[in-house]
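entry32.pdb, holding PDB, C-alpha atoms:
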MODEL        1
ATOM      1  CA  MET G   4     105.570  99.989  90.197
ATOM      2  CA  LEU G   5     104.228  99.743  93.732
ATOM      3  CA  LYS G   6     106.873  99.410  96.455
ATOM      4  CA  PHE G   7     105.980  98.871 100.105
ATOM      5  CA  TYR G   8     108.425  99.700 102.901
ATOM      6  CA  HIS G   9     107.554  97.327 105.709
ATOM      7  CA  ALA G  10     108.671  95.884 109.038
ATOM      8  CA  PRO G  11     106.970  92.614 110.029
ATOM      9  CA  TRP G  12     104.884  92.591 113.197
ATOM     10  CA  SER G  13     104.613  96.347 113.312
ATOM     11  CA  ARG G  14     102.052  99.080 112.595
ATOM     12  CA  SER G  15     102.715  98.556 108.897
ATOM     13  CA  SER G  16     101.259  95.032 109.077
ATOM     14  CA  ASN G  17      97.821  96.573 108.485
ATOM     15  CA  VAL G  18      99.087  97.986 105.193
ATOM     16  CA  LEU G  19     100.443  94.550 104.240
ATOM     17  CA  TRP G  20      96.874  93.266 104.648
ATOM     18  CA  LEU G  21      95.653  96.151 102.482
ATOM     19  CA  MET G  22      98.200  95.262  99.803
ATOM     20  CA  GLU G  23      96.806  91.739  99.697
ATOM     21  CA  GLU G  24      93.239  93.055  99.452
ATOM     22  CA  LEU G  25      94.183  95.198  96.438
ATOM     23  CA  GLY G  26      95.102  92.172  94.357
ATOM     24  CA  VAL G  27      97.837  93.996  92.419
ATOM     25  CA  PRO G  28     101.576  93.251  92.126
ATOM     26  CA  TYR G  29     103.784  94.939  94.705
ATOM     27  CA  GLU G  30     107.346  94.761  95.946
ATOM     28  CA  ILE G  31     108.340  94.713  99.621
ATOM     29  CA  GLU G  32     111.451  96.427 100.943
ATOM     30  CA  LEU G  33     112.109  95.322 104.502
ATOM     31  CA  ILE G  34     112.976  98.001 107.046
ATOM     32  CA  ASP G  35     114.329  96.436 110.218
ATOM     33  CA  PHE G  36     113.573  99.173 112.748
ATOM     34  CA  ARG G  37     114.630  96.783 115.517
ATOM     35  CA  ALA G  38     118.180  97.448 114.275
ATOM     36  CA  PRO G  39     119.740 100.780 113.257
ATOM     37  CA  VAL G  40     117.900 102.067 110.180
ATOM     38  CA  PRO G  41     120.163 103.785 107.617
ATOM     39  CA  ASP G  42     119.816 107.560 107.502
ATOM     40  CA  SER G  43     119.273 107.262 103.750
ATOM     41  CA  TYR G  44     115.772 105.954 104.535
ATOM     42  CA  ARG G  45     114.831 109.451 105.732
ATOM     43  CA  ALA G  46     114.399 110.347 102.054
ATOM     44  CA  ILE G  47     111.396 108.000 102.138
ATOM     45  CA  GLN G  48     110.178 108.490 105.727
ATOM     46  CA  PRO G  49     111.725 111.408 107.643
ATOM     47  CA  ASN G  50     111.345 109.725 111.047
ATOM     48  CA  LYS G  51     112.650 106.380 109.733
ATOM     49  CA  LYS G  52     109.315 104.706 110.504
ATOM     50  CA  VAL G  53     107.037 102.340 108.608
ATOM     51  CA  PRO G  54     104.833 102.059 106.649
ATOM     52  CA  ALA G  55     105.616 103.973 103.495
ATOM     53  CA  ILE G  56     104.895 103.287  99.838
ATOM     54  CA  SER G  57     106.260 104.451  96.526
ATOM     55  CA  HIS G  58     103.834 104.276  93.601
ATOM     56  CA  ASP G  59     105.480 105.061  90.282
ATOM     57  CA  GLY G  60     107.914 107.282  92.151
ATOM     58  CA  VAL G  61     105.293 109.040  94.283
ATOM     59  CA  ILE G  62     105.971 108.550  98.004
ATOM     60  CA  ILE G  63     103.166 108.367 100.566
ATOM     61  CA  THR G  64     103.584 107.863 104.315
ATOM     62  CA  GLU G  65     101.173 107.441 107.274
ATOM     63  CA  ARG G  66      98.686 104.577 107.332
ATOM     64  CA  ALA G  67      95.551 106.631 106.794
ATOM     65  CA  ALA G  68      97.052 108.514 103.846
ATOM     66  CA  ILE G  69      98.397 105.297 102.314
ATOM     67  CA  SER G  70      95.014 103.604 102.687
ATOM     68  CA  ILE G  71      93.087 106.478 101.122
ATOM     69  CA  TYR G  72      95.585 106.766  98.278
ATOM     70  CA  LEU G  73      95.707 103.060  97.430
ATOM     71  CA  ALA G  74      91.973 102.412  97.680
ATOM     72  CA  ASP G  75      91.357 105.314  95.273
ATOM     73  CA  ALA G  76      94.264 104.397  92.982
ATOM     74  CA  PHE G  77      92.949 100.831  92.562
ATOM     75  CA  PRO G  78      89.145 101.204  92.538
ATOM     76  CA  GLN G  79      88.698  97.736  91.049
ATOM     77  CA  ALA G  80      89.386  96.324  94.525
ATOM     78  CA  GLY G  81      86.180  97.957  95.804
ATOM     79  CA  LEU G  82      87.755  99.112  99.059
ATOM     80  CA  ALA G  83      86.448 102.694  99.128
ATOM     81  CA  PRO G  84      83.166 104.481  98.453
ATOM     82  CA  LYS G  85      83.627 106.857  95.537
ATOM     83  CA  ILE G  86      83.823 110.619  95.931
ATOM     84  CA  GLY G  87      80.243 111.857  96.007
ATOM     85  CA  ASP G  88      78.953 108.707  97.707
ATOM     86  CA  ALA G  89      77.450 109.585 101.112
ATOM     87  CA  ALA G  90      79.090 106.463 102.559
ATOM     88  CA  ARG G  91      82.508 108.029 101.991
ATOM     89  CA  ALA G  92      82.075 110.304 105.015
ATOM     90  CA  ALA G  93      81.993 107.424 107.515
ATOM     91  CA  TYR G  94      84.728 105.627 105.587
ATOM     92  CA  LEU G  95      87.132 108.578 105.831
ATOM     93  CA  THR G  96      86.174 109.283 109.433
ATOM     94  CA  TRP G  97      86.948 105.772 110.667
ATOM     95  CA  LEU G  98      90.046 105.389 108.526
ATOM     96  CA  VAL G  99      91.592 108.483 110.095
ATOM     97  CA  TYR G 100      90.175 107.572 113.528
ATOM     98  CA  ALA G 101      92.329 104.430 113.551
ATOM     99  CA  ASP G 102      95.487 106.547 113.470
ATOM    100  CA  SER G 103      94.439 109.755 115.193
ATOM    101  CA  VAL G 104      92.349 108.371 118.078
ATOM    102  CA  PHE G 105      92.657 104.604 118.449
ATOM    103  CA  ASP G 106      96.438 104.404 118.272
ATOM    104  CA  PRO G 107      97.375 107.188 120.726
ATOM    105  CA  ALA G 108      94.563 106.403 123.183
ATOM    106  CA  VAL G 109      95.577 102.733 123.364
ATOM    107  CA  ALA G 110      99.285 103.593 123.556
ATOM    108  CA  LEU G 111      98.841 105.882 126.554
ATOM    109  CA  HIS G 112      96.482 103.393 128.201
ATOM    110  CA  THR G 113      99.022 100.563 127.930
ATOM    111  CA  LEU G 114     101.768 102.823 129.278
ATOM    112  CA  LYS G 115      99.476 103.714 132.204
ATOM    113  CA  LEU G 116     100.069 107.390 131.611
ATOM    114  CA  GLU G 117      97.515 109.680 133.193
ATOM    115  CA  TYR G 118      96.346 112.698 131.217
ATOM    116  CA  GLU G 119      93.426 115.073 130.992
ATOM    117  CA  PRO G 120      91.257 113.932 128.029
ATOM    118  CA  SER G 121      90.151 117.504 127.317
ATOM    119  CA  GLY G 122      93.787 118.477 126.857
ATOM    120  CA  VAL G 123      94.560 116.077 123.999
ATOM    121  CA  SER G 124      93.062 115.706 120.547
ATOM    122  CA  PHE G 125      92.163 112.008 120.908
ATOM    123  CA  GLY G 126      90.182 112.057 124.182
ATOM    124  CA  SER G 127      89.915 109.229 126.678
ATOM    125  CA  PHE G 128      90.446 105.491 126.351
ATOM    126  CA  ASP G 129      86.995 104.830 127.848
ATOM    127  CA  ASP G 130      85.372 107.020 125.200
ATOM    128  CA  LEU G 131      87.270 105.102 122.516
ATOM    129  CA  VAL G 132      85.986 101.749 123.805
ATOM    130  CA  ALA G 133      82.406 103.055 124.083
ATOM    131  CA  ASN G 134      82.517 104.536 120.588
ATOM    132  CA  LEU G 135      83.795 101.311 119.033
ATOM    133  CA  GLU G 136      81.241  99.188 120.868
ATOM    134  CA  ARG G 137      78.378 101.473 119.901
ATOM    135  CA  ARG G 138      79.407 101.531 116.240
ATOM    136  CA  LEU G 139      80.072  97.805 115.906
ATOM    137  CA  SER G 140      76.793  96.953 117.657
ATOM    138  CA  GLN G 141      74.923  98.940 115.008
ATOM    139  CA  SER G 142      76.938  98.232 111.865
ATOM    140  CA  GLU G 143      78.300  95.080 110.250
ATOM    141  CA  PHE G 144      81.477  96.881 109.197
ATOM    142  CA  ILE G 145      83.139  99.968 110.619
ATOM    143  CA  ALA G 146      82.001 102.325 107.850
ATOM    144  CA  GLY G 147      78.623 100.734 107.154
ATOM    145  CA  ASP G 148      77.286  97.613 105.464
ATOM    146  CA  ARG G 149      80.333  96.835 103.302
ATOM    147  CA  PHE G 150      83.987  95.973 103.916
ATOM    148  CA  THR G 151      86.396  98.830 103.128
ATOM    149  CA  ALA G 152      89.997  99.858 103.647
ATOM    150  CA  ALA G 153      88.836 101.420 106.916
ATOM    151  CA  ASP G 154      88.134  97.915 108.221
ATOM    152  CA  VAL G 155      91.675  96.855 107.366
ATOM    153  CA  GLN G 156      93.041  99.567 109.616
ATOM    154  CA  VAL G 157      90.502  99.332 112.439
ATOM    155  CA  ALA G 158      90.214  95.540 112.548
ATOM    156  CA  GLY G 159      93.956  95.076 112.056
ATOM    157  CA  SER G 160      94.687  97.289 115.049
ATOM    158  CA  MET G 161      91.880  95.864 117.183
ATOM    159  CA  GLY G 162      92.991  92.309 116.515
ATOM    160  CA  TYR G 163      96.499  92.965 117.774
ATOM    161  CA  VAL G 164      95.378  95.024 120.755
ATOM    162  CA  MET G 165      92.814  92.430 121.842
ATOM    163  CA  GLN G 166      95.396  89.680 121.488
ATOM    164  CA  GLN G 167      97.563  91.623 123.935
ATOM    165  CA  LYS G 168      94.562  92.040 126.305
ATOM    166  CA  TRP G 169      94.805  95.829 126.017
ATOM    167  CA  LEU G 170      91.205  96.234 124.879
ATOM    168  CA  PRO G 171      88.292  94.873 126.947
ATOM    169  CA  GLU G 172      86.392  91.936 125.518
ATOM    170  CA  ARG G 173      83.006  92.757 124.048
ATOM    171  CA  PRO G 174      80.729  90.488 121.945
ATOM    172  CA  ALA G 175      80.551  93.172 119.248
ATOM    173  CA  PHE G 176      84.351  93.251 119.033
ATOM    174  CA  ALA G 177      84.734  89.483 118.729
ATOM    175  CA  GLU G 178      82.001  89.232 116.098
ATOM    176  CA  TYR G 179      83.517  92.075 114.079
ATOM    177  CA  LEU G 180      86.975  90.516 114.093
ATOM    178  CA  ALA G 181      85.492  87.173 113.034
ATOM    179  CA  ARG G 182      83.936  88.900 110.012
ATOM    180  CA  THR G 183      87.068  90.750 108.983
ATOM    181  CA  THR G 184      90.331  89.151 110.077
ATOM    182  CA  THR G 185      89.395  85.748 108.642
ATOM    183  CA  ARG G 186      89.303  87.107 105.087
ATOM    184  CA  PRO G 187      91.676  85.319 102.659
ATOM    185  CA  ALA G 188      93.750  88.475 102.142
ATOM    186  CA  ALA G 189      94.149  88.901 105.905
ATOM    187  CA  LYS G 190      95.342  85.313 106.255
ATOM    188  CA  ARG G 191      97.800  85.698 103.363
ATOM    189  CA  ALA G 192      99.217  88.835 104.942
ATOM    190  CA  GLU G 193      99.502  87.108 108.313
ATOM    191  CA  GLN G 194     101.461  84.235 106.784
ATOM    192  CA  LYS G 195     103.761  86.569 104.845
ATOM    193  CA  ASP G 196     104.436  88.590 107.988
ATOM    194  CA  LEU G 197     105.312  85.421 109.886
ATOM    195  CA  GLU G 198     107.800  84.324 107.233
ATOM    196  CA  MET G 199     109.427  87.761 107.134
ATOM    197  CA  ALA G 200     109.607  87.899 110.939
ATOM    198  CA  ARG G 201     111.642  84.678 110.930
ATOM    199  CA  ASN G 202     114.425  86.558 109.130
ATOM    200  CA  ILE G 203     114.596  89.449 111.597
ATOM    201  CA  PRO G 204     117.598  88.905 113.933
ATOM    202  CA  ALA G 205     115.866  90.532 116.921
ATOM    203  CA  LEU G 206     112.969  88.089 116.593
ATOM    204  CA  ALA G 207     114.999  84.953 115.854
ATOM    205  CA  GLU G 208     114.965  83.730 119.456
ATOM    206  CA  MET G 209     111.222  83.095 119.502
ATOM    207  CA  PHE G 210     111.484  80.836 116.442
ATOM    208  CA  LYS G 211     114.127  78.499 117.843
ATOM    209  CA  GLY G 212     113.009  74.893 117.801
ATOM    210  CA  GLN G 213     110.186  75.532 115.351
TER     211      GLN G 213
ENDMDL
END

In structure tokens, what does this structure look like?
Amino acid sequence: MLKFYHAPWSRSSNVLWLMEELGVPYEIELIDFRAPVPDSYRAIQPNKKVPAISHDGVIITERAAISIYLADAFPQAGLAPKIGDAARAAYLTWLVYADSVFDPAVALHTLKLEYEPSGVSFGSFDDLVANLERRLSQSEFIAGDRFTAADVQVAGSMGYVMQQKWLPERPAFAEYLARTTTRPAAKRAEQKDLEMARNIPALAEMFKGQ
């Protein structure tokens, strides 16, 4: 059994998209982090965060780890180059980059926190933007010429960040998101997230009158 611990409209929304891309049955357990999360959840995720998955009793946390695990566990979905394939290097690099560089660099940029890029592992926001633009100007997808689980994480994060106007507009970014976030699995995940968000008390206000 595949169980997915999820909070709608959160960082785990990218994994919801991945679940839909896999095309396998899964169960969702909602974790409302906008309200007090029970301490018992620490047995699944020690910081009481999402996402997390349990696959036949094996627990995996962190988006990059979950993505690597699931894409390899369900190879029929075609979301990862196989071990030994030269394309796997770029795939792994960009999948981890989404969590280890994109996320913290954007977070500090939006908080307007000044820091010395040489003093942190993820570097500067400007370098992030330049790296993404360079890559997406040269490649149809983030890891090469085919869609992978790395695109789910990178495009999922970019789509949200660009919607919030936290990432500068670039033709390469818009074209990339048009190729990826319009996929049927992405749209299914978006609709499921919307329906789940309606049942979150902290979000109820924005749905009044709809």

Please enumerate the residues selected by the PyMOL selection byres ((chain G and resi 96) around 12) when evaluated against the supplied file, formatted as a short mmCIF file (atom, residue, chain, number, x, y, z; two decimals) with C-alpha atoms, in the frame of the given file.
data_model
loop_
_atom_site.label_atom_id
_atom_site.label_comp_id
_atom_site.auth_asym_id
_atom_site.auth_seq_id
_atom_site.Cartn_x
_atom_site.Cartn_y
_atom_site.Cartn_z
CA ALA G 67 95.55 106.63 106.79
CA ILE G 71 93.09 106.48 101.12
CA ALA G 90 79.09 106.46 102.56
CA ARG G 91 82.51 108.03 101.99
CA ALA G 92 82.08 110.30 105.02
CA ALA G 93 81.99 107.42 107.52
CA TYR G 94 84.73 105.63 105.59
CA LEU G 95 87.13 108.58 105.83
CA TRP G 97 86.95 105.77 110.67
CA LEU G 98 90.05 105.39 108.53
CA VAL G 99 91.59 108.48 110.10
CA TYR G 100 90.18 107.57 113.53
CA ALA G 101 92.33 104.43 113.55
CA ASP G 102 95.49 106.55 113.47
CA SER G 103 94.44 109.76 115.19
CA VAL G 104 92.35 108.37 118.08
CA ILE G 145 83.14 99.97 110.62
CA ALA G 146 82.00 102.32 107.85
CA GLY G 147 78.62 100.73 107.15
CA ALA G 152 90.00 99.86 103.65
CA ALA G 153 88.84 101.42 106.92
CA ASP G 154 88.13 97.92 108.22
CA GLN G 156 93.04 99.57 109.62
CA VAL G 157 90.50 99.33 112.44
#

Might you spell out which residues the PyMOL selection byres ((chain G and resi 109) around 12) would select in the displayed file, as a PDB file with C-alpha atoms, in the coordinates of the input?
ATOM      1  CA  ALA G 101      92.329 104.430 113.551  1.00  0.00           C
ATOM      2  CA  ASP G 102      95.487 106.547 113.470  1.00  0.00           C
ATOM      3  CA  SER G 103      94.439 109.755 115.193  1.00  0.00           C
ATOM      4  CA  VAL G 104      92.349 108.371 118.078  1.00  0.00           C
ATOM      5  CA  PHE G 105      92.657 104.604 118.449  1.00  0.00           C
ATOM      6  CA  ASP G 106      96.438 104.404 118.272  1.00  0.00           C
ATOM      7  CA  PRO G 107      97.375 107.188 120.726  1.00  0.00           C
ATOM      8  CA  ALA G 108      94.563 106.403 123.183  1.00  0.00           C
ATOM      9  CA  ALA G 110      99.285 103.593 123.556  1.00  0.00           C
ATOM     10  CA  LEU G 111      98.841 105.882 126.554  1.00  0.00           C
ATOM     11  CA  HIS G 112      96.482 103.393 128.201  1.00  0.00           C
ATOM     12  CA  THR G 113      99.022 100.563 127.930  1.00  0.00           C
ATOM     13  CA  LEU G 114     101.768 102.823 129.278  1.00  0.00           C
ATOM     14  CA  LYS G 115      99.476 103.714 132.204  1.00  0.00           C
ATOM     15  CA  LEU G 116     100.069 107.390 131.611  1.00  0.00           C
ATOM     16  CA  PHE G 125      92.163 112.008 120.908  1.00  0.00           C
ATOM     17  CA  GLY G 126      90.182 112.057 124.182  1.00  0.00           C
ATOM     18  CA  SER G 127      89.915 109.229 126.678  1.00  0.00           C
ATOM     19  CA  PHE G 128      90.446 105.491 126.351  1.00  0.00           C
ATOM     20  CA  ASP G 129      86.995 104.830 127.848  1.00  0.00           C
ATOM     21  CA  ASP G 130      85.372 107.020 125.200  1.00  0.00           C
ATOM     22  CA  LEU G 131      87.270 105.102 122.516  1.00  0.00           C
ATOM     23  CA  VAL G 132      85.986 101.749 123.805  1.00  0.00           C
ATOM     24  CA  SER G 160      94.687  97.289 115.049  1.00  0.00           C
ATOM     25  CA  MET G 161      91.880  95.864 117.183  1.00  0.00           C
ATOM     26  CA  TYR G 163      96.499  92.965 117.774  1.00  0.00           C
ATOM     27  CA  VAL G 164      95.378  95.024 120.755  1.00  0.00           C
ATOM     28  CA  MET G 165      92.814  92.430 121.842  1.00  0.00           C
ATOM     29  CA  GLN G 167      97.563  91.623 123.935  1.00  0.00           C
ATOM     30  CA  LYS G 168      94.562  92.040 126.305  1.00  0.00           C
ATOM     31  CA  TRP G 169      94.805  95.829 126.017  1.00  0.00           C
ATOM     32  CA  LEU G 170      91.205  96.234 124.879  1.00  0.00           C
ATOM     33  CA  PRO G 171      88.292  94.873 126.947  1.00  0.00           C
TER      34      PRO G 171
END

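Restricting the calculation to all atoms listed in the file, the smallest distance between Ser70 in chain G and any of G:Gln194, G:Ser142, G:Gln166, G:Ser15 is found for G:Ser15.
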
- prompt: Which polymer residues have any atom within 7 Å of an atom of range 176-184 of chain G, counting all atoms listed in the file, with same-chain residues fewer than 2 positions away left out, as a list in words?
  reply: Glu136, Leu139, Ala158, Gly162, Glu172, Arg173, Pro174, Arg186 and Ala189 of chain G

query: So which residues touch range 46-63 of chain G within 9 Å, counting all atoms listed in the file, skipping near sequence neighbours fewer than 3 positions away, as a PyMOL selection string?
result: chain G and resi 4-10+13-16+18+34+36+40-43+66+68-69+72

task: Please write the residues picked by the PyMOL selection byres ((chain G and resi 191) around 12) on this file as a list in words.
output: Ser16, Leu19, Trp20, Leu21, Met22, Glu23, Glu24, Gly26, Thr184, Thr185, Arg186, Pro187, Ala188, Ala189, Lys190, Ala192, Glu193, Gln194, Lys195, Asp196, Leu197 and Glu198 of chain G

statement: Students should find that CA of Tyr29 in chain G and CA of Lys85 in chain G are spaced 23.4 Å

query: When you draw a straight line from CA of Ala200 in chain G to CA of Arg37 in chain G, how long is it in Å?
result: 11.2 Å

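Restricting the calculation to only C-alpha atoms, the smallest distance between Val27 in chain G and any of G:Ile86, G:Val155, G:Ala80, G:Ala175 is found for G:Ala80.
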
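Note that the spacing between CA of Met199 in chain G and CA of Phe150 in chain G amounts to 26.9 Å.
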
How big is the axis-aligned box around the listed atoms of range 92-99 of chain G once 8 Å is added on each side, and where is its centre? Give both in Å to one decimal, as JSON.
{"center_x": 86.8, "center_y": 107.8, "center_z": 107.8, "size_x": 25.6, "size_y": 20.9, "size_z": 21.7}

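Of the listed residues G:Ala74, G:Leu33, G:Leu25, G:Leu135, the one whose atoms come nearest to Pro11 in chain G is G:Leu33, with distances taken using all atoms listed in the file.
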
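Here the question is which of G:Arg45, G:Arg149, G:Asn17, G:Asp35 gets nearest to Asn202 in chain G using all atoms listed in the file, and that residue is G:Asp35.
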
message: Considering all atoms listed in the file, can you say which of G:Leu82, G:Val123, G:Ala38, G:Ala89 comes closest to Ala205 in chain G?
response: G:Ala38

Repair of range 120-148 of chain G at the level of N, CA and C atoms, as a PDB file, in the frame of the given file:
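Once written, result_7.pdb looks like this:
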ATOM      1  N   PRO G 120      91.794 114.151 129.375  1.00  0.00           N
ATOM      2  CA  PRO G 120      91.257 113.932 128.029  1.00  0.00           C
ATOM      3  C   PRO G 120      90.928 115.217 127.276  1.00  0.00           C
ATOM      4  N   SER G 121      90.494 116.259 127.997  1.00  0.00           N
ATOM      5  CA  SER G 121      90.151 117.504 127.317  1.00  0.00           C
ATOM      6  C   SER G 121      91.389 118.233 126.802  1.00  0.00           C
ATOM      7  N   GLY G 122      92.562 117.796 127.257  1.00  0.00           N
ATOM      8  CA  GLY G 122      93.787 118.477 126.857  1.00  0.00           C
ATOM      9  C   GLY G 122      94.499 117.843 125.678  1.00  0.00           C
ATOM     10  N   VAL G 123      93.946 116.738 125.156  1.00  0.00           N
ATOM     11  CA  VAL G 123      94.560 116.077 123.999  1.00  0.00           C
ATOM     12  C   VAL G 123      93.522 115.908 122.899  1.00  0.00           C
ATOM     13  N   SER G 124      93.980 115.763 121.684  1.00  0.00           N
ATOM     14  CA  SER G 124      93.062 115.706 120.547  1.00  0.00           C
ATOM     15  C   SER G 124      92.267 114.410 120.470  1.00  0.00           C
ATOM     16  N   PHE G 125      92.785 113.318 121.092  1.00  0.00           N
ATOM     17  CA  PHE G 125      92.163 112.008 120.908  1.00  0.00           C
ATOM     18  C   PHE G 125      91.228 111.595 122.042  1.00  0.00           C
ATOM     19  N   GLY G 126      91.129 112.375 123.120  1.00  0.00           N
ATOM     20  CA  GLY G 126      90.182 112.057 124.182  1.00  0.00           C
ATOM     21  C   GLY G 126      90.603 110.889 125.049  1.00  0.00           C
ATOM     22  N   SER G 127      89.616 110.272 125.695  1.00  0.00           N
ATOM     23  CA  SER G 127      89.915 109.229 126.678  1.00  0.00           C
ATOM     24  C   SER G 127      89.826 107.818 126.089  1.00  0.00           C
ATOM     25  N   PHE G 128      90.501 106.897 126.744  1.00  0.00           N
ATOM     26  CA  PHE G 128      90.446 105.491 126.351  1.00  0.00           C
ATOM     27  C   PHE G 128      89.030 104.948 126.526  1.00  0.00           C
ATOM     28  N   ASP G 129      88.360 105.310 127.603  1.00  0.00           N
ATOM     29  CA  ASP G 129      86.995 104.830 127.848  1.00  0.00           C
ATOM     30  C   ASP G 129      86.041 105.297 126.749  1.00  0.00           C
ATOM     31  N   ASP G 130      86.217 106.525 126.289  1.00  0.00           N
ATOM     32  CA  ASP G 130      85.372 107.020 125.200  1.00  0.00           C
ATOM     33  C   ASP G 130      85.647 106.254 123.906  1.00  0.00           C
ATOM     34  N   LEU G 131      86.908 105.903 123.689  1.00  0.00           N
ATOM     35  CA  LEU G 131      87.270 105.102 122.516  1.00  0.00           C
ATOM     36  C   LEU G 131      86.544 103.762 122.542  1.00  0.00           C
ATOM     37  N   VAL G 132      86.624 103.062 123.673  1.00  0.00           N
ATOM     38  CA  VAL G 132      85.986 101.749 123.805  1.00  0.00           C
ATOM     39  C   VAL G 132      84.475 101.863 123.599  1.00  0.00           C
ATOM     40  N   ALA G 133      83.855 102.871 124.208  1.00  0.00           N
ATOM     41  CA  ALA G 133      82.406 103.055 124.083  1.00  0.00           C
ATOM     42  C   ALA G 133      82.014 103.365 122.648  1.00  0.00           C
ATOM     43  N   ASN G 134      82.814 104.165 121.973  1.00  0.00           N
ATOM     44  CA  ASN G 134      82.517 104.536 120.588  1.00  0.00           C
ATOM     45  C   ASN G 134      82.611 103.321 119.672  1.00  0.00           C
ATOM     46  N   LEU G 135      83.641 102.521 119.847  1.00  0.00           N
ATOM     47  CA  LEU G 135      83.795 101.311 119.033  1.00  0.00           C
ATOM     48  C   LEU G 135      82.647 100.333 119.282  1.00  0.00           C
ATOM     49  N   GLU G 136      82.309 100.139 120.552  1.00  0.00           N
ATOM     50  CA  GLU G 136      81.241  99.188 120.868  1.00  0.00           C
ATOM     51  C   GLU G 136      79.904  99.654 120.304  1.00  0.00           C
ATOM     52  N   ARG G 137      79.628 100.925 120.428  1.00  0.00           N
ATOM     53  CA  ARG G 137      78.378 101.473 119.901  1.00  0.00           C
ATOM     54  C   ARG G 137      78.309 101.298 118.382  1.00  0.00           C
ATOM     55  N   ARG G 138      79.388 101.624 117.703  1.00  0.00           N
ATOM     56  CA  ARG G 138      79.407 101.531 116.240  1.00  0.00           C
ATOM     57  C   ARG G 138      79.279 100.092 115.767  1.00  0.00           C
ATOM     58  N   LEU G 139      80.052  99.186 116.368  1.00  0.00           N
ATOM     59  CA  LEU G 139      80.072  97.805 115.906  1.00  0.00           C
ATOM     60  C   LEU G 139      78.851  97.013 116.359  1.00  0.00           C
ATOM     61  N   SER G 140      78.072  97.566 117.277  1.00  0.00           N
ATOM     62  CA  SER G 140      76.793  96.953 117.657  1.00  0.00           C
ATOM     63  C   SER G 140      75.697  97.336 116.672  1.00  0.00           C
ATOM     64  N   GLN G 141      75.931  98.423 115.936  1.00  0.00           N
ATOM     65  CA  GLN G 141      74.923  98.940 115.008  1.00  0.00           C
ATOM     66  C   GLN G 141      75.230  98.619 113.556  1.00  0.00           C
ATOM     67  N   SER G 142      76.502  98.342 113.255  1.00  0.00           N
ATOM     68  CA  SER G 142      76.938  98.232 111.865  1.00  0.00           C
ATOM     69  C   SER G 142      77.774  96.980 111.658  1.00  0.00           C
ATOM     70  N   GLU G 143      77.557  96.316 110.531  1.00  0.00           N
ATOM     71  CA  GLU G 143      78.300  95.080 110.250  1.00  0.00           C
ATOM     72  C   GLU G 143      79.785  95.364 110.067  1.00  0.00           C
ATOM     73  N   PHE G 144      80.090  96.470 109.395  1.00  0.00           N
ATOM     74  CA  PHE G 144      81.477  96.881 109.197  1.00  0.00           C
ATOM     75  C   PHE G 144      81.655  98.291 109.739  1.00  0.00           C
ATOM     76  N   ILE G 145      82.891  98.726 109.896  1.00  0.00           N
ATOM     77  CA  ILE G 145      83.139  99.968 110.619  1.00  0.00           C
ATOM     78  C   ILE G 145      82.571 101.194 109.906  1.00  0.00           C
ATOM     79  N   ALA G 146      82.506 101.161 108.577  1.00  0.00           N
ATOM     80  CA  ALA G 146      82.001 102.325 107.850  1.00  0.00           C
ATOM     81  C   ALA G 146      80.587 102.113 107.303  1.00  0.00           C
ATOM     82  N   GLY G 147      79.976 100.982 107.651  1.00  0.00           N
ATOM     83  CA  GLY G 147      78.623 100.734 107.154  1.00  0.00           C
ATOM     84  C   GLY G 147      78.372  99.274 106.871  1.00  0.00           C
ATOM     85  N   ASP G 148      77.690  98.992 105.764  1.00  0.00           N
ATOM     86  CA  ASP G 148      77.286  97.613 105.464  1.00  0.00           C
ATOM     87  C   ASP G 148      78.220  96.897 104.500  1.00  0.00           C
TER      88      ASP G 148
END
